[in-house]
file structure.csv (CSV, C-alpha atoms and all ligand atoms)
chain,number,residue,atom,x,y,z
A,27,MET,CA,0.0,0.0,0.0
A,28,LYS,CA,2.8,2.4,-0.9
A,29,ASP,CA,0.4,4.7,-2.7
A,30,LYS,CA,-1.3,5.7,0.6
A,31,THR,CA,-0.7,9.3,1.6
A,32,ASP,CA,0.7,10.2,5.0
A,33,LYS,CA,-2.7,11.5,6.0
A,34,GLN,CA,-4.4,8.2,5.1
A,35,LYS,CA,-1.7,6.2,7.0
A,36,ALA,CA,-2.4,8.4,10.0
A,37,GLY,CA,-6.1,7.5,9.8
A,38,VAL,CA,-7.2,11.0,8.8
A,39,VAL,CA,-10.2,10.8,6.5
A,40,SER,CA,-11.0,13.7,4.3
A,41,ARG,CA,-14.4,15.4,4.8
A,42,SER,CA,-15.6,14.5,1.3
A,43,LEU,CA,-14.8,10.8,1.8
A,44,HIS,CA,-16.4,10.5,5.3
A,45,PRO,CA,-19.6,8.4,5.3
A,46,SER,CA,-21.4,11.1,7.3
A,47,HIS,CA,-20.0,14.6,7.5
A,48,PHE,CA,-22.6,15.3,10.2
A,49,SER,CA,-20.5,13.2,12.6
A,50,LEU,CA,-17.4,15.4,12.3
A,51,HIS,CA,-18.3,18.3,14.6
A,52,PRO,CA,-21.9,17.9,15.3
A,53,PHE,CA,-24.1,20.5,17.0
A,54,TYR,CA,-27.8,20.4,17.8
A,55,ARG,CA,-30.6,23.0,17.5
A,56,VAL,CA,-34.1,22.7,18.7
A,57,GLY,CA,-37.2,24.4,17.3
A,58,ILE,CA,-40.9,24.8,18.3
A,59,GLY,CA,-44.0,25.4,16.2
A,60,ASN,CA,-47.7,25.5,16.6
A,61,ASP,CA,-50.8,26.2,14.5
A,62,VAL,CA,-54.5,26.5,14.8
A,63,HIS,CA,-57.2,26.4,12.2
A,64,ARG,CA,-61.0,27.0,12.5
A,65,LEU,CA,-63.1,24.0,11.5
A,66,ALA,CA,-66.0,24.5,9.1
A,67,PRO,CA,-68.5,22.1,7.4
A,68,GLY,CA,-67.6,21.0,3.9
A,69,ARG,CA,-63.8,21.3,4.2
A,70,LYS,CA,-61.6,18.2,3.9
A,71,LEU,CA,-59.9,17.2,7.2
A,72,ILE,CA,-56.3,16.6,6.3
A,73,LEU,CA,-53.7,16.0,9.0
A,74,GLY,CA,-50.1,14.9,8.5
A,75,GLY,CA,-51.0,14.6,4.8
A,76,VAL,CA,-53.7,12.1,5.5
A,77,ARG,CA,-57.3,12.6,4.6
A,78,ILE,CA,-59.5,11.8,7.6
A,79,PRO,CA,-63.3,11.2,7.0
A,80,PHE,CA,-65.2,13.8,9.0
A,81,GLU,CA,-68.0,16.3,8.4
A,82,LYS,CA,-65.8,19.3,9.1
A,83,GLY,CA,-62.3,20.4,8.1
A,84,PRO,CA,-59.9,23.3,8.6
A,85,VAL,CA,-60.5,26.7,7.0
A,86,GLY,CA,-57.2,27.9,5.4
A,87,HIS,CA,-55.5,29.2,2.3
A,88,SER,CA,-53.8,25.9,1.7
A,89,ASP,CA,-55.3,22.6,2.8
A,90,GLY,CA,-55.1,23.8,6.4
A,91,ASP,CA,-53.0,20.9,7.6
A,92,ALA,CA,-52.3,22.3,11.1
A,93,LEU,CA,-50.0,19.4,11.9
A,94,ILE,CA,-47.7,19.9,8.9
A,95,HIS,CA,-47.7,23.7,9.5
A,96,ALA,CA,-46.6,23.3,13.1
A,97,ILE,CA,-43.9,20.8,12.1
A,98,CYS,CA,-42.7,23.2,9.3
A,99,ASP,CA,-42.4,26.0,11.8
A,100,ALA,CA,-40.5,23.8,14.3
A,101,LEU,CA,-38.0,22.8,11.6
A,102,LEU,CA,-37.6,26.3,10.3
A,103,GLY,CA,-37.3,27.7,13.8
A,104,ALA,CA,-34.6,25.2,14.7
A,105,ALA,CA,-32.6,26.4,11.7
A,106,ALA,CA,-33.5,30.1,12.3
A,107,LEU,CA,-34.8,30.2,8.7
A,108,GLY,CA,-37.9,32.3,9.5
A,109,ASP,CA,-41.5,30.9,9.6
A,110,ILE,CA,-44.0,29.2,7.4
A,111,GLY,CA,-45.7,32.5,6.6
A,112,HIS,CA,-42.5,33.9,5.2
A,113,HIS,CA,-41.8,30.9,2.9
A,114,PHE,CA,-45.5,30.2,1.9
A,115,PRO,CA,-47.4,33.5,2.1
A,116,ASP,CA,-51.2,33.0,2.3
A,117,THR,CA,-51.5,36.0,-0.1
A,118,SER,CA,-49.9,33.9,-2.9
A,119,PRO,CA,-52.3,32.1,-5.3
A,120,LYS,CA,-49.5,29.5,-5.7
A,121,TRP,CA,-50.4,28.0,-2.4
A,122,ARG,CA,-54.2,28.2,-2.6
A,123,ASN,CA,-55.6,24.8,-1.6
A,124,ALA,CA,-52.0,23.4,-1.9
A,125,SER,CA,-51.1,20.2,-0.2
A,126,SER,CA,-49.1,21.0,2.8
A,127,VAL,CA,-46.9,18.0,2.1
A,128,LEU,CA,-45.3,20.3,-0.5
A,129,PHE,CA,-44.4,22.7,2.3
A,130,LEU,CA,-42.7,20.0,4.2
A,131,ARG,CA,-40.7,18.8,1.2
A,132,HIS,CA,-39.6,22.4,0.6
A,133,VAL,CA,-38.6,22.9,4.2
A,134,ARG,CA,-36.6,19.7,4.0
A,135,ARG,CA,-34.7,21.1,1.0
A,136,LEU,CA,-34.0,24.3,2.8
A,137,LEU,CA,-32.6,22.4,5.7
A,138,ASP,CA,-30.4,20.3,3.3
A,139,GLN,CA,-29.1,23.5,1.8
A,140,ALA,CA,-28.3,24.9,5.2
A,141,GLY,CA,-26.4,21.7,6.2
A,142,TYR,CA,-28.9,20.3,8.7
A,143,ALA,CA,-30.2,16.8,9.2
A,144,VAL,CA,-33.4,16.2,11.2
A,145,VAL,CA,-32.8,14.0,14.3
A,146,ASN,CA,-36.5,13.8,15.3
A,147,VAL,CA,-39.8,15.5,15.2
A,148,ASP,CA,-42.5,15.2,18.0
A,149,ALA,CA,-46.0,16.6,17.6
A,150,THR,CA,-49.3,16.7,19.4
A,151,VAL,CA,-52.6,17.3,17.6
A,152,GLY,CA,-55.5,18.8,19.5
A,153,LEU,CA,-58.9,17.7,18.1
A,154,GLU,CA,-62.1,16.9,19.9
A,155,ARG,CA,-63.5,14.6,17.2
A,156,PRO,CA,-62.9,12.3,15.3
A,157,LYS,CA,-60.5,9.9,17.1
A,158,LEU,CA,-57.1,10.1,15.4
A,159,ALA,CA,-55.6,6.9,16.7
A,160,PRO,CA,-56.6,4.7,13.7
A,161,HIS,CA,-54.9,7.2,11.4
A,162,MET,CA,-51.6,7.7,13.3
A,163,PRO,CA,-49.5,5.1,11.6
A,164,ARG,CA,-50.3,6.5,8.1
A,165,MET,CA,-49.7,10.1,9.3
A,166,GLN,CA,-46.3,9.1,10.8
A,167,LYS,CA,-45.3,7.3,7.5
A,168,ARG,CA,-46.4,10.2,5.3
A,169,LEU,CA,-44.6,12.8,7.4
A,170,ALA,CA,-41.4,10.7,7.5
A,171,ALA,CA,-41.5,10.1,3.7
A,172,ALA,CA,-41.9,13.8,3.0
A,173,LEU,CA,-38.9,14.6,5.3
A,174,GLY,CA,-36.8,11.7,4.1
A,175,LEU,CA,-36.8,10.1,7.6
A,176,ARG,CA,-37.6,6.8,9.1
A,177,PRO,CA,-41.1,6.6,10.7
A,178,ALA,CA,-39.5,6.1,14.1
A,179,GLN,CA,-38.0,9.6,13.8
A,180,VAL,CA,-41.5,11.1,13.6
A,181,SER,CA,-43.9,11.0,16.6
A,182,VAL,CA,-47.5,12.2,16.5
A,183,LYS,CA,-49.8,12.2,19.5
A,184,ALA,CA,-53.4,13.2,19.9
A,185,LYS,CA,-55.4,15.0,22.6
A,186,THR,CA,-58.9,16.3,23.0
A,187,GLY,CA,-59.7,19.6,24.6
A,188,GLU,CA,-61.9,18.1,27.3
A,189,GLY,CA,-64.8,20.3,26.1
A,190,LEU,CA,-63.0,23.5,27.3
A,191,ASP,CA,-61.2,25.7,24.7
A,192,ALA,CA,-61.8,26.1,20.9
A,193,VAL,CA,-60.4,22.6,20.4
A,194,GLY,CA,-62.7,21.2,23.2
A,195,GLN,CA,-65.7,23.0,21.7
A,196,GLY,CA,-65.0,21.3,18.4
A,197,VAL,CA,-64.5,24.5,16.5
A,198,ALA,CA,-60.7,24.3,15.9
A,199,VAL,CA,-57.8,22.0,15.3
A,200,ARG,CA,-54.5,22.7,16.9
A,201,ALA,CA,-51.1,21.3,16.6
A,202,ASP,CA,-47.8,21.7,18.5
A,203,ALA,CA,-44.5,20.4,17.3
A,204,ILE,CA,-40.9,20.3,18.3
A,205,ALA,CA,-37.9,19.3,16.2
A,206,LEU,CA,-34.2,18.6,16.8
A,207,LEU,CA,-31.7,19.2,14.0
A,208,GLU,CA,-28.1,18.1,13.8
A,209,GLY,CA,-25.7,20.4,12.0
A,210,SER,CA,-22.0,20.2,11.3
A,211,ARG,CA,-19.1,22.6,11.6
A,212,PRO,CA,-16.4,22.0,9.0
A,301,MG,MG,-51.7,26.9,9.3
call {"tool": "encode", "arguments": {"input": "structure.csv", "output": "structure tokens"}}
result
Amino acid sequence: MKDKTDKQKAGVVSRSLHPSHFSLHPFYRVGIGNDVHRLAPGRKLILGGVRIPFEKGPVGHSDGDALIHAICDALLGAAALGDIGHHFPDTSPKWRNASSVLFLRHVRRLLDQAGYAVVNVDATVGLERPKLAPHMPRMQKRLAAALGLRPAQVSVKAKTGEGLDAVGQGVAVRADAIALLEGSRP
């Protein structure tokens, strides 16, 4: 192996050859996001990119997917890249009735460009009815696919509002999310 360089002999692996440059000098950043949408009859209820049969759905410029909107804000926040309103303004006809899965894919590209990998996402959806438990595995898979993650890196939980606030009165859907990013310093 006489063609090995001194650096290779010493076990120094160049950055471009390293299997994961994120492991060189990793650092972590956390972000938080939330969203709320009013529920109205005749709107499709879509959460985490999954259509859920129900007589009401969120009012919004896009498809009103509060779960995805909260996750986008958590991811953007962790990277200090602004918020969802900045990247997908609700004044733009481009995003009218748009699938929020597109937002998530776009946010993932922004994170890639900024040199971040997503470690995990955790979220809670507040909805009085219907029960979300049967839809959770599909939501988890859909979100993970849009972010290029394994389903185990994405957690979604559900809560009712105990009849109390706008969620509890059945007039709103709410979502809260937190995300952890791993970045690298060259
Ligand atoms: Mg929203």
call {"tool": "atom_distance", "arguments": {"input": "structure.csv", "atom1": "atom CA of Tyr142 of chain A", "atom2": "atom CA of Leu207 of chain A"}}
result
6.1 Å
call {"tool": "closest_residue", "arguments": {"input": "structure.csv", "among": "A:Val145, A:Val182, A:Leu169, A:Ala198", "to": "ligand MG 301 (chain A)", "atoms": "all atoms listed in the file"}}
result
A:Ala198
call {"tool": "residues_near_ligand", "arguments": {"input": "structure.csv", "ligand": "ligand MG 301 (chain A)", "cutoff": "6 Å", "atoms": "only C-alpha atoms and all ligand atoms", "output": "list in words"}}
result
Asp61, Gly90, Ala92 and His95 of chain A
call {"tool": "closest_residue", "arguments": {"input": "structure.csv", "among": "A:Glu208, A:Asp148, A:Asp116, A:Glu154", "to": "Ile94 of chain A", "atoms": "only C-alpha atoms"}}
result
A:Asp148
call {"tool": "closest_residue", "arguments": {"input": "structure.csv", "among": "A:Gly209, A:Gly174, A:Gly75, A:Pro115", "to": "Ala140 of chain A", "atoms": "only C-alpha atoms"}}
result
A:Gly209
call {"tool": "closest_residue", "arguments": {"input": "structure.csv", "among": "A:Ser210, A:Leu102, A:Ser125, A:Leu130", "to": "Arg77 of chain A", "atoms": "all atoms listed in the file"}}
result
A:Ser125
call {"tool": "closest_residue", "arguments": {"input": "structure.csv", "among": "A:Leu101, A:Asn123, A:Gly74, A:Asp91", "to": "Arg164 of chain A", "atoms": "all atoms listed in the file"}}
result
A:Gly74
call {"tool": "atom_distance", "arguments": {"input": "structure.csv", "atom1": "atom CA of Asn60 of chain A", "atom2": "atom CA of Gly141 of chain A"}}
result
24.0 Å
call {"tool": "atom_distance", "arguments": {"input": "structure.csv", "atom1": "atom CA of Gly83 of chain A", "atom2": "atom CA of Gly103 of chain A"}}
result
26.7 Å
call {"tool": "residues_around", "arguments": {"input": "structure.csv", "residues": "Leu93 of chain A", "least_positions_apart": "5", "cutoff": "9 Å", "atoms": "all atoms listed in the file", "output": "MDAnalysis selection string"}}
result
chainID A and resid 60:62 72:75 98 149:151 182 199:203
call {"tool": "residues_near_point", "arguments": {"input": "structure.csv", "point": "(-44.6, 26.7, 15.0)", "cutoff": "6 Å", "atoms": "all atoms listed in the file", "output": "ChimeraX atom specification"}}
result
/A:58-60,96,99-100
call {"tool": "closest_residue", "arguments": {"input": "structure.csv", "among": "A:Ala172, A:Pro160, A:Leu190, A:Gln166", "to": "Val127 of chain A", "atoms": "only C-alpha atoms"}}
result
A:Ala172
call {"tool": "residues_around", "arguments": {"input": "structure.csv", "residues": "segment 64-69 of chain A", "least_positions_apart": "5", "cutoff": "6 Å", "atoms": "all atoms listed in the file", "output": "number ranges by chain"}}
result
A: 81-85, 197-198
call {"tool": "decode", "arguments": {"input": "structure.csv", "residues": "segment 92-168 of chain A", "atoms": "C-alpha atoms", "output": "CSV table (one decimal), in the first residue's frame"}}
result
chain,number,residue,atom,x,y,z
A,92,ALA,CA,-52.3,22.3,11.1
A,93,LEU,CA,-50.0,19.4,11.9
A,94,ILE,CA,-47.7,19.9,8.9
A,95,HIS,CA,-47.7,23.7,9.5
A,96,ALA,CA,-46.6,23.3,13.1
A,97,ILE,CA,-43.9,20.8,12.1
A,98,CYS,CA,-42.7,23.2,9.3
A,99,ASP,CA,-42.4,26.0,11.8
A,100,ALA,CA,-40.5,23.8,14.3
A,101,LEU,CA,-38.0,22.8,11.6
A,102,LEU,CA,-37.6,26.3,10.3
A,103,GLY,CA,-37.3,27.7,13.8
A,104,ALA,CA,-34.6,25.2,14.7
A,105,ALA,CA,-32.6,26.4,11.7
A,106,ALA,CA,-33.5,30.1,12.3
A,107,LEU,CA,-34.8,30.2,8.7
A,108,GLY,CA,-37.9,32.3,9.5
A,109,ASP,CA,-41.5,30.9,9.6
A,110,ILE,CA,-44.0,29.2,7.4
A,111,GLY,CA,-45.7,32.5,6.6
A,112,HIS,CA,-42.5,33.9,5.2
A,113,HIS,CA,-41.8,30.9,2.9
A,114,PHE,CA,-45.5,30.2,1.9
A,115,PRO,CA,-47.4,33.5,2.1
A,116,ASP,CA,-51.2,33.0,2.3
A,117,THR,CA,-51.5,36.0,-0.1
A,118,SER,CA,-49.9,33.9,-2.9
A,119,PRO,CA,-52.3,32.1,-5.3
A,120,LYS,CA,-49.5,29.5,-5.7
A,121,TRP,CA,-50.4,28.0,-2.4
A,122,ARG,CA,-54.2,28.2,-2.6
A,123,ASN,CA,-55.6,24.8,-1.6
A,124,ALA,CA,-52.0,23.4,-1.9
A,125,SER,CA,-51.1,20.2,-0.2
A,126,SER,CA,-49.1,21.0,2.8
A,127,VAL,CA,-46.9,18.0,2.1
A,128,LEU,CA,-45.3,20.3,-0.5
A,129,PHE,CA,-44.4,22.7,2.3
A,130,LEU,CA,-42.7,20.0,4.2
A,131,ARG,CA,-40.7,18.8,1.2
A,132,HIS,CA,-39.6,22.4,0.6
A,133,VAL,CA,-38.6,22.9,4.2
A,134,ARG,CA,-36.6,19.7,4.0
A,135,ARG,CA,-34.7,21.1,1.0
A,136,LEU,CA,-34.0,24.3,2.8
A,137,LEU,CA,-32.6,22.4,5.7
A,138,ASP,CA,-30.4,20.3,3.3
A,139,GLN,CA,-29.1,23.5,1.8
A,140,ALA,CA,-28.3,24.9,5.2
A,141,GLY,CA,-26.4,21.7,6.2
A,142,TYR,CA,-28.9,20.3,8.7
A,143,ALA,CA,-30.2,16.8,9.2
A,144,VAL,CA,-33.4,16.2,11.2
A,145,VAL,CA,-32.8,14.0,14.3
A,146,ASN,CA,-36.5,13.8,15.3
A,147,VAL,CA,-39.8,15.5,15.2
A,148,ASP,CA,-42.5,15.2,18.0
A,149,ALA,CA,-46.0,16.6,17.6
A,150,THR,CA,-49.3,16.7,19.4
A,151,VAL,CA,-52.6,17.3,17.6
A,152,GLY,CA,-55.5,18.8,19.5
A,153,LEU,CA,-58.9,17.7,18.1
A,154,GLU,CA,-62.1,16.9,19.9
A,155,ARG,CA,-63.5,14.6,17.2
A,156,PRO,CA,-62.9,12.3,15.3
A,157,LYS,CA,-60.5,9.9,17.1
A,158,LEU,CA,-57.1,10.1,15.4
A,159,ALA,CA,-55.6,6.9,16.7
A,160,PRO,CA,-56.6,4.7,13.7
A,161,HIS,CA,-54.9,7.2,11.4
A,162,MET,CA,-51.6,7.7,13.3
A,163,PRO,CA,-49.5,5.1,11.6
A,164,ARG,CA,-50.3,6.5,8.1
A,165,MET,CA,-49.7,10.1,9.3
A,166,GLN,CA,-46.3,9.1,10.8
A,167,LYS,CA,-45.3,7.3,7.5
A,168,ARG,CA,-46.4,10.2,5.3
